[in-house]
Amino acid sequence: MTRRRWTLLQNERPLIQARLAGDGCCHDLYLRRLPGHRSPLPPLSAAAMRAGGDWPHRYARWLEDAAEYGPLRPGRWRLSPRTTFAPGIWSCDLVQDWPDAKIELLCGGGWHGVLPLRPLPAPDAPRVKALRKHVREGSLAPVLLWWVSFLDGWLLLDGHDRAAAALAEGTAPACVELVRVPDDADWRATAADITQGHEERMARLDKHPATPHTARQRRAMERGYADALSTLPYDAAATPLDPRDA
C-alpha cells in the first residue's frame with residue numbers, strides 16, 4: 001500500500017489536506033477541506049452580470065489583482081471558457097460531502113470531477129433564489145474552475161452560489177477554466193517576440209495625442225496582444241502544491 005499526503009494552501013492557510021491510499025493503479029483520495037477559502041474574484045452584482053462581456057478576460061484581470069489569494073504563480077497559465085465535460089461532472093462527480101470526502105481514482109480514467117471549496121448552499125437560500133432568475137434570463141456569470149493535477153479534477157474557486165442556482169434550475173453552470181501550462185523555452189521565445197512587437201506598437205501610439213480614437217486603439221491593441229498569446233500551443237502542467245510524504 002502506498003500513502004502520500006498533500007496540502008493545498010491559500011496565502012499560507014491550508015484549504016485541503018489530502019491522503020492517497022490504495023494498491024496498484026486504483027487509489028482512494030481522502031480529503032478534508034478546511035474553512036476560510038477566500039474567492040480571488042470580487043462579488044458580482046446583478047447589473048454586472050446582465051451587462052455581460054468577456055468573462056475570461058475580466059477574470060484574468062481580477063486574478064492578477066488578487067495575487068495574495070489567487071492560485072497564480074510565476075509561469076504560464078490559460079484561462080478560457082470550458083464548454084464540454086464528460087457526463088456526470090456536475091452530478092455524480094460533484095463532491096457535496098463536507099468537510100470530509102473520498103474520491104476514487106480509477107486506472108486510466110482518473111476522476112475528472114468538481115470539488116467545491118465551501119459547502120454549496122441550498123436551492124432555496126435567498127442568494128440562490130435571486131441567482132436562479134439570472135439562470136432563466138441567460139445572464140448568469142460563469143463559475144471559475146481551477147484544474148488541479150493531483151486531484152485529476154477541478155476546484156470550484158468562485159461561483160458556489162451561481163453553481164447551486166444553475167443546478168437548481170436543472171442545468172450545468174457556464175464555466176471558465178484556469179489551467180497551468182508548461183513554460184518551455186520555445187514558448188517563451190515566441191511570447192517574447194510577440195511582446196516586443198506589442199510594446200513597440202504601444203510606444204508609437206503613446207507619441208500621438210490622447211483622444212477617444214487613440215484610447216480605442218489602445219484597447220484593441222491590448223486585446224490583440226492577449227489573444228495572440230492565448231493562441232500559442234500548450235498542454236496542462238502539474239499543479240504546484242505542498243507535497244508531504246507520510
# chains A, B, ... in the order shown; residues from 1 in each chain; ligands from 1
>>> select_by_dssp(residues="stretch 38-177 of chain A", states="strand (DSSP E or B)", output="PyMOL selection string")
chain A and resi 76-82+94+100-106+110+114-116+143-148+153-158+175-177
>>> write_last_selection(atoms="C-alpha atoms", output="mmCIF file, in the first residue's frame")
data_model
loop_
_atom_site.group_PDB
_atom_site.id
_atom_site.type_symbol
_atom_site.label_atom_id
_atom_site.label_comp_id
_atom_site.auth_asym_id
_atom_site.auth_seq_id
_atom_site.Cartn_x
_atom_site.Cartn_y
_atom_site.Cartn_z
ATOM 1 C CA ARG A 76 2.284 30.268 -17.889
ATOM 2 C CA TRP A 77 -1.476 29.956 -17.428
ATOM 3 C CA ARG A 78 -4.514 29.562 -19.643
ATOM 4 C CA LEU A 79 -7.932 30.999 -18.814
ATOM 5 C CA SER A 80 -10.732 30.173 -21.235
ATOM 6 C CA PRO A 81 -14.375 29.030 -21.401
ATOM 7 C CA ARG A 82 -14.908 25.332 -20.752
ATOM 8 C CA LEU A 94 -19.682 16.838 -7.926
ATOM 9 C CA ASP A 100 -14.569 15.163 4.515
ATOM 10 C CA ALA A 101 -14.845 13.315 1.232
ATOM 11 C CA LYS A 102 -13.393 10.326 -0.596
ATOM 12 C CA ILE A 103 -12.614 10.296 -4.307
ATOM 13 C CA GLU A 104 -11.933 7.099 -6.242
ATOM 14 C CA LEU A 105 -9.116 7.498 -8.747
ATOM 15 C CA LEU A 106 -9.576 4.711 -11.292
ATOM 16 C CA GLY A 110 -8.863 9.301 -13.324
ATOM 17 C CA VAL A 114 -15.624 19.197 -9.303
ATOM 18 C CA LEU A 115 -14.598 19.859 -5.706
ATOM 19 C CA PRO A 116 -16.183 22.930 -4.052
ATOM 20 C CA VAL A 143 -18.178 29.908 -12.350
ATOM 21 C CA LEU A 144 -14.385 29.756 -12.128
ATOM 22 C CA LEU A 145 -12.809 26.281 -12.131
ATOM 23 C CA TRP A 146 -9.135 25.519 -11.497
ATOM 24 C CA TRP A 147 -7.728 22.298 -12.967
ATOM 25 C CA VAL A 148 -5.599 20.663 -10.237
ATOM 26 C CA GLY A 153 -10.252 17.307 -11.415
ATOM 27 C CA TRP A 154 -11.342 20.877 -10.779
ATOM 28 C CA LEU A 155 -11.565 23.081 -7.725
ATOM 29 C CA LEU A 156 -14.502 25.472 -7.673
ATOM 30 C CA LEU A 157 -12.649 28.729 -6.989
ATOM 31 C CA ASP A 158 -15.542 31.143 -7.399
ATOM 32 C CA CYS A 175 -17.570 27.668 -16.696
ATOM 33 C CA VAL A 176 -14.289 29.481 -17.140
ATOM 34 C CA GLU A 177 -11.309 27.146 -16.631
#
>>> residues_around(residues="stretch 37-48 of chain A", least_positions_apart="5", cutoff="10 Å", atoms="only C-alpha atoms", output="MDAnalysis selection string")
chainID A and resid 9:11 13:16 53 58:71 117:118 130:131 134 139:141 144 156:160
>>> atom_distance(atom1="atom CA of A:Trp90", atom2="atom CA of A:Pro173")
8.5 Å
>>> select_by_dssp(residues="stretch 38-212 of chain A", states="helix (DSSP H, G or I)", output="ChimeraX atom specification")
/A:46-51,55-65,126-137,160-168,185-206,212
>>> write_last_selection(atoms="C-alpha atoms", output="PDB file, in the first residue's frame")
ATOM      1  CA  ALA A  46     -26.911  41.738 -10.775  1.00  0.00           C
ATOM      2  CA  ALA A  47     -26.218  44.717 -13.043  1.00  0.00           C
ATOM      3  CA  ALA A  48     -22.691  43.482 -13.842  1.00  0.00           C
ATOM      4  CA  MET A  49     -23.995  40.049 -14.796  1.00  0.00           C
ATOM      5  CA  ARG A  50     -26.722  41.477 -17.009  1.00  0.00           C
ATOM      6  CA  ALA A  51     -24.133  43.694 -18.695  1.00  0.00           C
ATOM      7  CA  TRP A  55     -15.698  36.984 -18.688  1.00  0.00           C
ATOM      8  CA  PRO A  56     -12.347  35.173 -19.212  1.00  0.00           C
ATOM      9  CA  HIS A  57     -10.610  38.493 -19.862  1.00  0.00           C
ATOM     10  CA  ARG A  58     -12.311  40.082 -16.840  1.00  0.00           C
ATOM     11  CA  TYR A  59     -11.490  37.122 -14.593  1.00  0.00           C
ATOM     12  CA  ALA A  60      -7.862  37.219 -15.745  1.00  0.00           C
ATOM     13  CA  ARG A  61      -7.505  40.837 -14.655  1.00  0.00           C
ATOM     14  CA  TRP A  62      -9.096  40.117 -11.291  1.00  0.00           C
ATOM     15  CA  LEU A  63      -6.852  37.100 -10.732  1.00  0.00           C
ATOM     16  CA  GLU A  64      -3.791  39.234 -11.434  1.00  0.00           C
ATOM     17  CA  ASP A  65      -5.014  41.794  -8.906  1.00  0.00           C
ATOM     18  CA  PRO A 126     -32.035  33.740  -0.560  1.00  0.00           C
ATOM     19  CA  ARG A 127     -28.928  34.416  -2.652  1.00  0.00           C
ATOM     20  CA  VAL A 128     -29.510  31.270  -4.739  1.00  0.00           C
ATOM     21  CA  LYS A 129     -33.154  32.185  -5.334  1.00  0.00           C
ATOM     22  CA  ALA A 130     -32.081  35.581  -6.668  1.00  0.00           C
ATOM     23  CA  LEU A 131     -29.474  33.989  -8.943  1.00  0.00           C
ATOM     24  CA  ARG A 132     -31.932  31.450 -10.336  1.00  0.00           C
ATOM     25  CA  LYS A 133     -33.659  34.339 -12.109  1.00  0.00           C
ATOM     26  CA  HIS A 134     -30.360  35.040 -13.905  1.00  0.00           C
ATOM     27  CA  VAL A 135     -30.221  31.396 -14.990  1.00  0.00           C
ATOM     28  CA  ARG A 136     -33.656  31.709 -16.546  1.00  0.00           C
ATOM     29  CA  GLU A 137     -32.698  35.018 -18.187  1.00  0.00           C
ATOM     30  CA  HIS A 160     -20.573  28.425  -5.403  1.00  0.00           C
ATOM     31  CA  ASP A 161     -23.919  30.258  -5.232  1.00  0.00           C
ATOM     32  CA  ARG A 162     -24.076  30.538  -9.034  1.00  0.00           C
ATOM     33  CA  ALA A 163     -23.353  26.820  -9.403  1.00  0.00           C
ATOM     34  CA  ALA A 164     -26.110  25.984  -6.917  1.00  0.00           C
ATOM     35  CA  ALA A 165     -28.541  28.251  -8.802  1.00  0.00           C
ATOM     36  CA  ALA A 166     -27.790  26.662 -12.178  1.00  0.00           C
ATOM     37  CA  LEU A 167     -28.110  23.138 -10.779  1.00  0.00           C
ATOM     38  CA  ALA A 168     -31.383  24.051  -9.063  1.00  0.00           C
ATOM     39  CA  ALA A 185      11.827  27.670 -23.949  1.00  0.00           C
ATOM     40  CA  ASP A 186      10.177  27.720 -27.386  1.00  0.00           C
ATOM     41  CA  TRP A 187       7.004  29.210 -25.963  1.00  0.00           C
ATOM     42  CA  ARG A 188       8.960  31.845 -24.044  1.00  0.00           C
ATOM     43  CA  ALA A 189      10.898  32.851 -27.182  1.00  0.00           C
ATOM     44  CA  THR A 190       7.717  33.212 -29.242  1.00  0.00           C
ATOM     45  CA  ALA A 191       5.964  35.087 -26.446  1.00  0.00           C
ATOM     46  CA  ALA A 192       8.968  37.413 -26.115  1.00  0.00           C
ATOM     47  CA  ASP A 193       8.791  38.257 -29.836  1.00  0.00           C
ATOM     48  CA  ILE A 194       5.059  38.952 -29.601  1.00  0.00           C
ATOM     49  CA  THR A 195       5.589  41.081 -26.501  1.00  0.00           C
ATOM     50  CA  GLN A 196       8.395  43.091 -28.105  1.00  0.00           C
ATOM     51  CA  GLY A 197       6.271  43.871 -31.137  1.00  0.00           C
ATOM     52  CA  HIS A 198       3.348  44.855 -28.933  1.00  0.00           C
ATOM     53  CA  GLU A 199       5.499  47.166 -26.806  1.00  0.00           C
ATOM     54  CA  GLU A 200       6.925  48.850 -29.915  1.00  0.00           C
ATOM     55  CA  ARG A 201       3.438  49.479 -31.310  1.00  0.00           C
ATOM     56  CA  MET A 202       2.256  50.826 -27.968  1.00  0.00           C
ATOM     57  CA  ALA A 203       5.279  53.137 -27.773  1.00  0.00           C
ATOM     58  CA  ARG A 204       4.448  54.575 -31.201  1.00  0.00           C
ATOM     59  CA  LEU A 205       0.835  55.074 -30.130  1.00  0.00           C
ATOM     60  CA  ASP A 206       1.976  56.932 -26.995  1.00  0.00           C
ATOM     61  CA  PRO A 212     -11.052  58.791 -27.761  1.00  0.00           C
TER      62      PRO A 212
END
